[in-house]
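Some notes on the structure that comes next.
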Amino acid sequence: MAITATPAPGADAPAPVRRGRFPLARILHRAFVVLMYFFMLCPLIFVVWLSFFKDAILFFPPSGHTTQWYLKAWDNDAFANGFLFSLQVAVLAAVAGVVMGVLAALGIVRYKFAGGRTVNTLLLSPLLIPGIVAGIAIYLFYLAAENFLDMDIVGTYGGLVIAHVCLTIPWTVRLVSASMAGLDPSIEEAARNLGASGRAAFLRVTLPMLRPGIVAAALFSFVVSFENLELSLSLVGPGHTTLPIAIMQYLEFNLDPTIAAVASVQILLLGIVMLVTDRFVKLSQVV
């Protein structure tokens with residue numbers, strides 16, 4: 001005869017354990033997430049696939065696959081020179097933008113002053129302006145500055161780099177500010193109480209803690225500058241062409257998978273940079 005335990009009077013009966021609750025809902029949710037990821041990545045996947053099409057005239061399905069378009073892109077001087085020029089501009093813009101952006105973020109976050117929010121809004125405002133509008137505005141400003149200073153600015157290397165620096169500063173301010181929001185100011189105060197000067201405490205305590213945000217800001221600034229087209233379109237001079245402009249010029253007279261090969265290499269490069277950036281600061285915090 002089986003003996004079953006009965007709960008004591010007044011005691012609540014244990015709630016039954018429910019297993020496998022709504023399994024169909026979880027399956028549908030995961031399927032929906034996978035479909036959304038595929039939908040967002042589909043253009044990139046198609047561009048990479050297109051770069052291996054054998055036919056010079058694009059049609060679907062292809063008659064075969066080949067890697068000859070990558071070799072053709074490598075032999076094209078416009079793409080090679082555009083890549084090197086974009087690399088130079090992006091590196092200089094990232095370094096200068098990060099230095100000025102870090103100083104601006106420190107001033108806004110650490111020091112409270114009248115008009116601090118206005119300055120922060122002003123520094124972040126380029127993120128809200130369409131690229132083509134910003135490019136035309138900088139072009140018109142350069143023309144006015146040329147008339148006032150009696151010197152060439154439009155079409156010069158320095159003018160293009162300065163414009164790209166203005167493009168990278170907002171991202172640096174946003175990333176470094178997000179990193180500083182999670183810092184404990186008492187750590188730096190403890191370093192000062194132990195005898196460290198303000199400069200030493202900043203260089204040896206605060207700056208190392210900001211290193212992930214600064215590295216992420218540098219990488220993100222590089223990506224923004226390297227792939228920019230709208231801002232550079234009206235500011236490049238003769239003999240200086242960035243890679244996005246070289247791609248656009250190639251498309252004016254050609255429509256073969258060579259451009260897809262160049263775009264695939266660019267996607268790979270920027271994807272690696274973004275993955276490295278996500279290792280330091282999660283992109284969900286800034287996007």
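Note on naming: chains are A, B, ... as they come in the structure tokens, residues start from 1 per chain, ligands start from 1 in the order shown.
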Taking 5 positions as the minimum chain separation for residues in the same chain, which residues sit within 9 Å of A:Ser264 when counting only C-alpha atoms? Answer as JSON, numbers by chain.
{"A": [44, 47, 48, 49, 51, 259, 269]}
Residues within 9 Å of A:Glu230, only C-alpha atoms, excluding chain neighbours under 5 positions, as a list in words
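Non-adjacent residues within range: Pro130, Gly131, Ile132, Val133, Ala134, Gly135 and Ile136 of chain A.
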Neighbours of A:Ala96 within 8 Å (only C-alpha atoms; same-chain residues fewer than 4 positions away dropped), as a PyMOL selection string?
chain A and resi 92+100+165
I'd like the neighbourhood of A:Leu123 as a VMD selection string, where a residue qualifies if any of its atoms comes within 9 Å (using only C-alpha atoms), though same-chain residues fewer than 4 positions away should be ignored.
chain A and resid 101 104 118 to 119 127 169 to 170 173
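Of the listed residues A:Ile267, A:Leu235, A:Met40, A:Val224, the one whose atoms come nearest to A:Tyr142 is A:Leu235, with distances taken using only C-alpha atoms.
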For A:Val154, which of A:Tyr139, A:Phe59, A:Phe46, A:Tyr37 is the closest residue, counting only C-alpha atoms?
A:Tyr139
Distance of atom CA of A:Thr168 from atom CA of A:Gly97, expressed in Å to one decimal place
5.4 Å
Within 7 Å of A:Trp171 using only C-alpha atoms, minus same-chain residues under 4 positions, as a PyMOL selection string
chain A and resi 175+217+221
Written file, previous selection with C-alpha atoms, as a PDB file, in the first residue's frame:
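What ended up in out.pdb:
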```
ATOM      1  CA  LEU A 175      32.172  56.210 -27.678  1.00  0.00           C
ATOM      2  CA  ALA A 217      36.764  55.025 -31.210  1.00  0.00           C
ATOM      3  CA  SER A 221      36.539  56.454 -36.888  1.00  0.00           C
TER       4      SER A 221
END
```
Need to verify the contact set: A:Phe53, 7 Å, only C-alpha atoms, exclusion of same-chain residues closer than 4 positions in sequence. Can you return it as a PyMOL selection string?
chain A and resi 62+64-66+257
